[in-house]
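Asker: Here you go, my_file.cif (mmCIF, C-alpha atoms and all ligand atoms):
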data_model
loop_
_atom_site.label_atom_id
_atom_site.label_comp_id
_atom_site.auth_asym_id
_atom_site.auth_seq_id
_atom_site.Cartn_x
_atom_site.Cartn_y
_atom_site.Cartn_z
CA MET A 1 -18.03 -0.73 14.37
CA LYS A 2 -17.52 2.87 13.35
CA ILE A 3 -14.17 2.91 11.55
CA PHE A 4 -12.10 5.95 10.54
CA VAL A 5 -10.39 5.32 7.19
CA THR A 6 -7.68 7.66 5.93
CA GLY A 7 -7.02 7.46 2.19
CA ALA A 8 -10.65 6.42 1.71
CA THR A 9 -10.66 7.89 -1.81
CA GLY A 10 -7.45 6.05 -2.81
CA PHE A 11 -6.87 2.84 -4.74
CA VAL A 12 -6.38 0.66 -1.65
CA GLY A 13 -8.51 2.66 0.80
CA SER A 14 -11.59 2.66 -1.44
CA ALA A 15 -11.44 -1.15 -1.70
CA ILE A 16 -11.18 -1.36 2.10
CA VAL A 17 -14.19 0.92 2.44
CA ASP A 18 -16.25 -1.29 0.09
CA GLU A 19 -15.31 -4.41 2.04
CA LEU A 20 -15.99 -2.81 5.44
CA ARG A 21 -19.42 -1.68 4.26
CA ASN A 22 -20.16 -5.19 2.96
CA ARG A 23 -19.37 -6.41 6.46
CA GLY A 24 -21.83 -3.92 8.00
CA HIS A 25 -19.41 -1.33 9.42
CA ASP A 26 -19.96 2.44 9.49
CA ILE A 27 -17.21 4.51 7.89
CA VAL A 28 -15.82 7.96 8.55
CA GLY A 29 -13.53 8.88 5.65
CA LEU A 30 -10.74 11.47 5.85
CA ALA A 31 -10.91 14.10 3.11
CA ARG A 32 -8.36 16.87 2.55
CA SER A 33 -10.26 18.69 -0.20
CA GLU A 34 -13.75 19.70 -1.21
CA SER A 35 -13.70 17.26 -4.13
CA SER A 36 -12.61 14.30 -1.95
CA ALA A 37 -15.23 15.24 0.64
CA ASN A 38 -17.90 15.36 -2.07
CA ALA A 39 -16.80 12.00 -3.49
CA LEU A 40 -17.06 10.37 -0.07
CA SER A 41 -20.40 11.91 0.86
CA ASP A 42 -21.83 11.08 -2.59
CA ALA A 43 -20.87 7.48 -1.84
CA GLY A 44 -22.83 7.71 1.42
CA LEU A 45 -19.87 7.94 3.82
CA ASN A 46 -19.40 10.22 6.82
CA VAL A 47 -16.65 12.74 6.15
CA HIS A 48 -13.98 14.17 8.42
CA ARG A 49 -12.04 17.07 6.90
CA GLY A 50 -8.30 17.00 7.64
CA ASN A 51 -4.83 16.70 6.17
CA ILE A 52 -2.16 14.12 7.00
CA ALA A 53 0.42 16.94 7.00
CA ASP A 54 -1.42 18.37 10.04
CA PRO A 55 -1.78 15.51 12.58
CA GLU A 56 -4.16 17.44 14.85
CA SER A 57 -6.63 17.79 11.99
CA VAL A 58 -6.65 13.98 11.76
CA THR A 59 -6.60 13.03 15.46
CA SER A 60 -9.63 15.26 16.04
CA ALA A 61 -11.73 12.52 14.41
CA LEU A 62 -10.82 9.88 16.97
CA SER A 63 -13.38 10.56 19.69
CA GLN A 64 -16.22 9.59 17.33
CA VAL A 65 -14.79 6.22 16.12
CA ASP A 66 -14.08 2.71 17.44
CA ALA A 67 -11.06 1.93 15.26
CA VAL A 68 -8.74 3.41 12.62
CA ILE A 69 -7.36 2.14 9.32
CA HIS A 70 -4.67 4.46 7.96
CA THR A 71 -3.82 4.20 4.24
CA ALA A 72 -3.34 7.86 3.18
CA PHE A 73 0.17 8.66 1.98
CA ASN A 74 1.83 11.41 -0.02
CA HIS A 75 3.26 9.62 -3.08
CA ASP A 76 5.49 12.44 -4.31
CA PHE A 77 8.61 10.25 -4.67
CA SER A 78 10.88 13.28 -5.09
CA ARG A 79 10.23 13.86 -1.34
CA TYR A 80 9.99 10.22 -0.31
CA LEU A 81 12.11 10.46 2.85
CA GLU A 82 10.16 13.48 4.13
CA ASN A 83 6.86 11.79 3.34
CA CYS A 84 7.86 8.65 5.24
CA GLU A 85 8.93 10.72 8.23
CA ALA A 86 5.64 12.61 8.12
CA ASP A 87 3.78 9.29 8.11
CA GLY A 88 5.72 8.23 11.22
CA ARG A 89 4.81 11.50 12.97
CA LEU A 90 1.13 11.15 12.08
CA LEU A 91 1.03 7.56 13.33
CA ASP A 92 2.73 8.60 16.55
CA ALA A 93 0.10 11.31 17.06
CA LEU A 94 -2.74 8.86 16.34
CA ALA A 95 -1.32 6.22 18.70
CA ARG A 96 -0.69 8.77 21.45
CA ALA A 97 -4.26 10.04 21.17
CA LEU A 98 -5.55 6.45 21.43
CA GLU A 99 -3.38 5.48 24.44
CA GLY A 100 -5.30 3.42 26.99
CA THR A 101 -8.43 3.13 24.83
CA ASP A 102 -7.75 -0.42 23.59
CA LYS A 103 -8.93 0.69 20.15
CA ALA A 104 -7.40 -0.79 16.98
CA LEU A 105 -5.02 1.32 14.88
CA ILE A 106 -4.09 -0.46 11.66
CA ALA A 107 -1.52 1.24 9.41
CA THR A 108 -0.02 0.57 6.01
CA SER A 109 3.59 -0.37 5.48
CA VAL A 110 5.50 -2.01 2.63
CA THR A 111 7.21 -5.38 2.25
CA ILE A 112 10.43 -3.66 1.16
CA VAL A 113 11.12 -2.61 4.75
CA THR A 114 12.40 -6.18 5.24
CA PRO A 115 15.88 -7.43 4.24
CA SER A 116 16.23 -7.91 0.49
CA GLY A 117 17.55 -10.99 -1.28
CA GLU A 118 16.08 -13.46 1.22
CA LEU A 119 12.60 -14.71 2.04
CA SER A 120 11.23 -12.29 4.61
CA THR A 121 8.63 -13.15 7.21
CA GLU A 122 6.30 -11.30 9.54
CA ASN A 123 8.91 -11.82 12.30
CA ASP A 124 11.33 -9.50 10.49
CA ARG A 125 11.35 -6.05 12.03
CA ALA A 126 11.53 -3.12 9.62
CA LEU A 127 15.11 -2.14 8.83
CA ASP A 128 15.91 1.30 10.27
CA GLN A 129 17.74 2.37 7.12
CA VAL A 130 14.65 1.86 4.94
CA PRO A 131 12.65 5.15 4.99
CA ARG A 132 9.23 3.50 5.20
CA SER A 133 10.23 1.82 8.49
CA ALA A 134 8.92 5.10 9.98
CA SER A 135 5.41 3.71 9.35
CA GLU A 136 6.04 0.86 11.83
CA ALA A 137 7.56 2.68 14.84
CA PHE A 138 4.10 3.25 16.37
CA LEU A 139 3.67 -0.54 16.84
CA ASP A 140 5.28 -0.14 20.30
CA TYR A 141 2.09 1.57 21.50
CA ALA A 142 0.73 -1.96 21.84
CA ASN A 143 2.28 -1.77 25.34
CA ARG A 144 0.28 1.37 26.09
CA GLY A 145 -3.27 0.26 25.48
CA VAL A 146 -3.53 0.59 21.68
CA GLN A 147 -4.22 -2.40 19.44
CA THR A 148 -1.57 -1.48 16.87
CA SER A 149 -0.72 -3.44 13.76
CA VAL A 150 0.57 -2.92 10.22
CA VAL A 151 -0.36 -4.46 6.91
CA ARG A 152 2.71 -4.62 4.69
CA LEU A 153 1.87 -4.23 1.01
CA PRO A 154 4.05 -5.49 -1.85
CA PRO A 155 5.33 -3.22 -4.65
CA SER A 156 2.47 -4.34 -6.83
CA VAL A 157 -1.01 -4.00 -5.41
CA HIS A 158 -2.84 -4.59 -8.67
CA GLY A 159 -6.33 -4.33 -10.09
CA ALA A 160 -8.44 -2.07 -12.30
CA GLY A 161 -7.65 1.56 -11.49
CA ASP A 162 -4.03 0.87 -10.39
CA THR A 163 -1.92 4.05 -10.63
CA ALA A 164 1.22 2.81 -8.88
CA PHE A 165 4.44 1.11 -9.98
CA VAL A 166 3.21 -1.19 -12.76
CA PRO A 167 1.43 1.66 -14.60
CA ALA A 168 4.59 3.76 -14.11
CA LEU A 169 6.67 0.95 -15.66
CA ILE A 170 4.20 0.70 -18.54
CA ALA A 171 4.35 4.46 -19.16
CA LEU A 172 8.15 4.31 -19.13
CA ALA A 173 8.25 1.37 -21.58
CA ARG A 174 5.82 3.20 -23.85
CA LYS A 175 8.04 6.30 -23.80
CA ARG A 176 11.32 4.42 -24.30
CA GLY A 177 10.03 1.83 -26.78
CA VAL A 178 11.52 -0.95 -24.68
CA SER A 179 10.40 -2.75 -21.53
CA ALA A 180 13.50 -3.13 -19.40
CA TYR A 181 14.65 -5.32 -16.54
CA VAL A 182 17.89 -5.03 -14.58
CA ASP A 183 20.68 -7.52 -15.45
CA ASP A 184 19.05 -10.97 -15.80
CA GLY A 185 15.76 -9.77 -14.27
CA ALA A 186 15.75 -12.62 -11.75
CA ASN A 187 15.03 -10.22 -8.86
CA ARG A 188 11.62 -10.96 -7.36
CA TRP A 189 8.56 -8.76 -6.77
CA PRO A 190 5.74 -9.96 -4.51
CA ALA A 191 2.21 -8.96 -5.51
CA VAL A 192 -1.38 -8.91 -4.30
CA HIS A 193 -4.74 -7.99 -5.78
CA ARG A 194 -6.21 -4.92 -4.07
CA ASP A 195 -9.43 -6.75 -3.12
CA ASP A 196 -7.40 -9.47 -1.38
CA ALA A 197 -5.40 -6.79 0.43
CA ALA A 198 -8.62 -5.04 1.45
CA ARG A 199 -9.97 -8.23 3.08
CA LEU A 200 -6.81 -8.54 5.14
CA PHE A 201 -7.12 -4.96 6.47
CA CYS A 202 -10.70 -5.76 7.46
CA ASP A 203 -9.70 -9.00 9.20
CA ALA A 204 -6.97 -7.08 11.04
CA VAL A 205 -9.33 -4.41 12.35
CA GLU A 206 -12.06 -6.88 13.33
CA ARG A 207 -9.75 -9.18 15.30
CA PRO A 208 -6.79 -7.06 16.43
CA ARG A 209 -3.50 -8.75 17.32
CA PRO A 210 -1.31 -6.20 19.13
CA ALA A 211 1.93 -5.28 17.31
CA ALA A 212 1.17 -7.70 14.47
CA ARG A 213 2.88 -7.31 11.11
CA TYR A 214 0.68 -8.83 8.40
CA HIS A 215 1.97 -9.65 4.93
CA ALA A 216 -0.69 -8.97 2.28
CA VAL A 217 1.08 -11.05 -0.32
CA ALA A 218 -0.58 -13.46 -2.73
CA GLU A 219 2.48 -14.12 -4.90
CA THR A 220 5.73 -14.62 -2.99
CA GLY A 221 7.99 -13.22 -5.69
CA LEU A 222 7.58 -12.96 -9.46
CA PRO A 223 10.84 -12.59 -11.38
CA PHE A 224 10.88 -8.97 -12.54
CA ARG A 225 11.79 -10.20 -16.02
CA GLU A 226 8.32 -11.84 -16.29
CA ILE A 227 6.67 -8.54 -15.41
CA ALA A 228 8.82 -6.71 -17.99
CA GLU A 229 7.96 -9.35 -20.61
CA ALA A 230 4.23 -9.00 -19.88
CA ILE A 231 4.60 -5.24 -20.32
CA GLY A 232 6.50 -5.81 -23.58
CA ASP A 233 3.73 -8.13 -24.84
CA GLY A 234 1.01 -5.70 -23.82
CA LEU A 235 2.64 -2.77 -25.60
CA GLY A 236 4.21 -4.65 -28.52
CA VAL A 237 7.75 -3.53 -27.57
CA PRO A 238 10.79 -5.73 -26.84
CA ALA A 239 11.72 -6.71 -23.29
CA GLU A 240 15.43 -6.13 -22.77
CA SER A 241 18.04 -6.18 -20.06
CA VAL A 242 19.75 -3.00 -18.86
CA PRO A 243 22.93 -3.42 -16.81
CA ASN A 244 22.68 -2.41 -13.15
CA ASP A 245 25.08 0.51 -13.77
CA TRP A 246 22.56 1.97 -16.22
CA ALA A 247 19.41 1.26 -14.24
CA GLU A 248 19.16 4.79 -12.86
CA VAL A 249 19.60 6.33 -16.31
CA HIS A 250 16.86 4.13 -17.76
CA PHE A 251 14.40 3.92 -14.87
CA GLY A 252 14.95 7.27 -13.10
CA TRP A 253 13.13 7.30 -9.72
CA LEU A 254 11.84 3.78 -10.40
CA ALA A 255 15.39 2.30 -10.49
CA MET A 256 15.48 1.32 -6.82
CA PHE A 257 12.15 -0.48 -7.13
CA ALA A 258 12.94 -2.16 -10.47
CA ALA A 259 16.10 -3.71 -9.02
CA ILE A 260 14.71 -4.80 -5.67
CA ASP A 261 14.74 -8.51 -4.79
CA ASN A 262 11.93 -8.90 -2.24
CA PRO A 263 10.55 -12.44 -1.89
CA VAL A 264 8.02 -12.45 0.94
CA SER A 265 6.39 -15.23 2.93
CA ASN A 266 2.94 -14.87 4.45
CA ASP A 267 2.71 -18.17 6.33
CA TRP A 268 2.07 -16.48 9.67
CA THR A 269 -0.58 -14.15 8.23
CA ARG A 270 -2.49 -17.05 6.71
CA GLU A 271 -2.24 -19.19 9.84
CA ALA A 272 -3.20 -16.38 12.23
CA THR A 273 -6.11 -14.98 10.25
CA GLY A 274 -7.28 -17.69 7.86
CA TRP A 275 -6.80 -15.14 5.04
CA ALA A 276 -6.06 -16.50 1.57
CA SER A 277 -5.88 -14.92 -1.83
CA ARG A 278 -9.03 -15.32 -3.97
CA GLU A 279 -8.19 -13.05 -6.89
CA VAL A 280 -6.12 -13.41 -10.07
CA GLY A 281 -2.33 -13.02 -10.08
CA LEU A 282 -0.47 -9.97 -11.38
CA ILE A 283 0.41 -11.22 -14.87
CA SER A 284 -3.12 -12.26 -15.81
CA ASP A 285 -4.56 -9.13 -14.15
CA MET A 286 -2.24 -7.01 -16.32
CA ARG A 287 -3.72 -8.64 -19.41
CA ASN A 288 -7.34 -8.14 -18.38
CA ALA A 289 -7.69 -5.12 -16.08
CA GLY A 290 -7.10 -2.32 -18.59
CA TYR A 291 -3.39 -1.80 -17.90
CA PHE A 292 -2.60 -1.24 -21.58
CA SER A 293 -5.38 1.15 -22.51
CA THR A 294 -3.70 4.16 -24.08
CA PRO A 295 -3.46 7.18 -21.74
CA SER A 296 -6.22 9.05 -23.62
CA ASP A 297 -8.71 6.11 -23.39
N1 LIG B 1 -0.94 0.92 -4.74
C1 LIG B 1 0.15 0.17 -4.55
O1 LIG B 1 0.60 -0.57 -5.45
C2 LIG B 1 0.86 0.20 -3.21
C3 LIG B 1 1.98 -0.61 -3.03
C4 LIG B 1 2.63 -0.62 -1.81
C5 LIG B 1 2.17 0.19 -0.80
N2 LIG B 1 1.09 0.99 -0.98
C6 LIG B 1 0.64 1.84 0.14
O2 LIG B 1 -0.76 1.67 0.32
C7 LIG B 1 -1.32 2.89 0.83
C8 LIG B 1 -2.46 3.31 -0.07
O3 LIG B 1 -1.93 3.53 -1.38
P1 LIG B 1 -2.88 3.83 -2.62
O4 LIG B 1 -2.28 3.14 -3.80
O5 LIG B 1 -4.29 3.59 -2.26
O6 LIG B 1 -2.63 5.40 -2.81
P2 LIG B 1 -3.47 6.44 -3.67
O7 LIG B 1 -4.41 5.77 -4.61
O8 LIG B 1 -2.45 7.40 -4.20
O9 LIG B 1 -4.35 7.19 -2.57
C9 LIG B 1 -3.75 8.02 -1.63
C10 LIG B 1 -4.82 8.44 -0.65
O10 LIG B 1 -4.20 9.30 0.33
C11 LIG B 1 -4.93 10.51 0.38
N3 LIG B 1 -4.02 11.59 0.69
C12 LIG B 1 -2.86 11.90 0.03
N4 LIG B 1 -2.32 13.00 0.59
C13 LIG B 1 -3.16 13.38 1.59
C14 LIG B 1 -3.15 14.44 2.52
N5 LIG B 1 -2.16 15.35 2.52
N6 LIG B 1 -4.13 14.52 3.44
C15 LIG B 1 -5.16 13.61 3.44
N7 LIG B 1 -5.24 12.59 2.57
C16 LIG B 1 -4.25 12.49 1.67
C17 LIG B 1 -5.53 10.68 -1.00
O11 LIG B 1 -6.63 11.59 -0.92
P3 LIG B 1 -7.11 12.51 -2.17
O12 LIG B 1 -8.37 11.87 -2.68
O13 LIG B 1 -7.41 13.82 -1.57
O14 LIG B 1 -6.01 12.55 -3.17
C18 LIG B 1 -5.95 9.25 -1.29
O15 LIG B 1 -7.15 8.95 -0.64
C19 LIG B 1 -0.15 3.87 0.92
O16 LIG B 1 0.39 3.83 2.19
C20 LIG B 1 0.81 3.32 -0.10
O17 LIG B 1 2.15 3.76 0.10
C21 LIG B 1 0.41 1.01 -2.18
#
Could the structure of this file be written out as structure tokens, please?
Ligand SMILES: NC(=O)c1ccc[n+]([C@@H]2O[C@H](COP(=O)([O-])OP(=O)(O)OC[C@H]3O[C@@H](n4cnc5c(N)ncnc54)[C@H](OP(=O)(O)O)[C@@H]3O)[C@@H](O)[C@H]2O)c1
Answerer:
Amino acid sequence: MKIFVTGATGFVGSAIVDELRNRGHDIVGLARSESSANALSDAGLNVHRGNIADPESVTSALSQVDAVIHTAFNHDFSRYLENCEADGRLLDALARALEGTDKALIATSVTIVTPSGELSTENDRALDQVPRSASEAFLDYANRGVQTSVVRLPPSVHGAGDTAFVPALIALARKRGVSAYVDDGANRWPAVHRDDAARLFCDAVERPRPAARYHAVAETGLPFREIAEAIGDGLGVPAESVPNDWAEVHFGWLAMFAAIDNPVSNDWTREATGWASREVGLISDMRNAGYFSTPSD
């Protein structure tokens, strides 16, 4: 198949591209800049120039492809709500342009769209009040001739080259001289290795299941305290509790994520697709995948 991948230069998207190529697919990668375009063409990929902030510049790629995997996202968390809404608008434009074609449109969502504090499943619809639920509204186009589905990713998609929440927590612990958790740190974070996640995106695009919500989760829920302790060990700083009232002062924009309790089941995903995790878990990956190299390394 010829597959259009947005975010092809990113941490998750580049792993998907590698896996798709291993499976013999042709890739068209979205690039918003000269440097991203050069990186993709140097890697031997077809390039489509466009920007997710301008849906038409992205939908103009669709006539030349058989399927779409959308992973690009603006991660400026100071404008998180706007960025989630923009993702919803882009997905709506993509789905509308694919209406009646029966082509697959696989998008990226997050496990934290599901209710917190209880084991969530693929049957749980995204909660309207969670901003990233905007990335799932397009699923309804399954009734209009588009093979829509989402892959929900956990707060830690880990592996060498990770630049997301765990590196942000490490940078914060390095700056503060303490690796913190909220209250008793029993709140749970699910996790997946990026290569495991990439295989699930590929399975989803090869055998579409309309309106499916996949959970790319290898570990159901690690107590956040264990993650904080691994960070403390890695940096040689103490792991300590901060009371919930102080979480925002200590963690800043990360506070909401540090406190979240998000245990996630993936029974349906495994049964439907045969997918299973093959890679190491988060704690041992943190020890071995370069997470504690100093910033100048
Ligand atoms: N990594 C995680 O731990 C994690 C966890 C949960 C969910 N997710 C989700 O997984 C998806 C992929 O995340 P990631 O970690 O791979 O992100 P990433 O490494 O930050 O990559 C983001 C990708 O989006 C592209 N992009 C950003 N703004 C763009 C724009 N305006 N126009 C076109 N392309 C643009 C970037 O292209 P450039 O090369 O031009 O910068 C890059 O390819 C996102 O939806 C993210 O929210 C990730």
Asker: Given a cut-off of 7 Å, what residues near ligand LIG 1 (chain B) show up using all atoms listed in the file, put as a PyMOL selection string?
Answerer: chain A and resi 6-13+30-33+36+50-53+71-75+108-110+153-158+162-165
Asker: Between A:Thr59, A:Asn288, A:Ser241, A:Asn266, which residue has the minimum interatomic distance to Val178 in chain A, considering all atoms listed in the file?
Answerer: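 The shortest atom-to-atom distance to Val178 in chain A comes from A:Ser241.
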Asker: Can you tell me, as an mmCIF file with C-alpha atoms, in the frame of the given file, what residues are no more than 6 Å from range 39-48 of chain A when counting all atoms listed in the file, ignoring any on the same chain fewer than 6 positions away?
Answerer:
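After the write, out.cif holds the following:
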data_model
loop_
_atom_site.group_PDB
_atom_site.id
_atom_site.type_symbol
_atom_site.label_atom_id
_atom_site.label_comp_id
_atom_site.auth_asym_id
_atom_site.auth_seq_id
_atom_site.Cartn_x
_atom_site.Cartn_y
_atom_site.Cartn_z
ATOM 1 C CA ILE A 27 -17.210 4.510 7.890
ATOM 2 C CA VAL A 28 -15.820 7.960 8.550
ATOM 3 C CA GLY A 29 -13.530 8.880 5.650
ATOM 4 C CA LEU A 30 -10.740 11.470 5.850
#
Asker: Hey, what's within 9 Å of Ala197 in chain A if we count only C-alpha atoms and toss same-chain stuff fewer than 5 positions away? As a list in words, please?
Answerer: Val12, Ala15, Ile16, Val151, Leu153, Val157, Val192, Cys202, Ala216, Val217, Ala218 and Ser277 of chain A
Asker: Write a file of the just-selected residues containing C-alpha atoms, as a PDB file, keeping the file's coordinate frame.
Answerer:
ATOM      1  CA  VAL A  12      -6.380   0.660  -1.650  1.00  0.00           C
ATOM      2  CA  ALA A  15     -11.440  -1.150  -1.700  1.00  0.00           C
ATOM      3  CA  ILE A  16     -11.180  -1.360   2.100  1.00  0.00           C
ATOM      4  CA  VAL A 151      -0.360  -4.460   6.910  1.00  0.00           C
ATOM      5  CA  LEU A 153       1.870  -4.230   1.010  1.00  0.00           C
ATOM      6  CA  VAL A 157      -1.010  -4.000  -5.410  1.00  0.00           C
ATOM      7  CA  VAL A 192      -1.380  -8.910  -4.300  1.00  0.00           C
ATOM      8  CA  CYS A 202     -10.700  -5.760   7.460  1.00  0.00           C
ATOM      9  CA  ALA A 216      -0.690  -8.970   2.280  1.00  0.00           C
ATOM     10  CA  VAL A 217       1.080 -11.050  -0.320  1.00  0.00           C
ATOM     11  CA  ALA A 218      -0.580 -13.460  -2.730  1.00  0.00           C
ATOM     12  CA  SER A 277      -5.880 -14.920  -1.830  1.00  0.00           C
TER      13      SER A 277
END
Asker: Separation of CA of Ser120 in chain A and CA of Ser133 in chain A, in Å?
Answerer: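 These atoms are spaced 14.7 Å apart.
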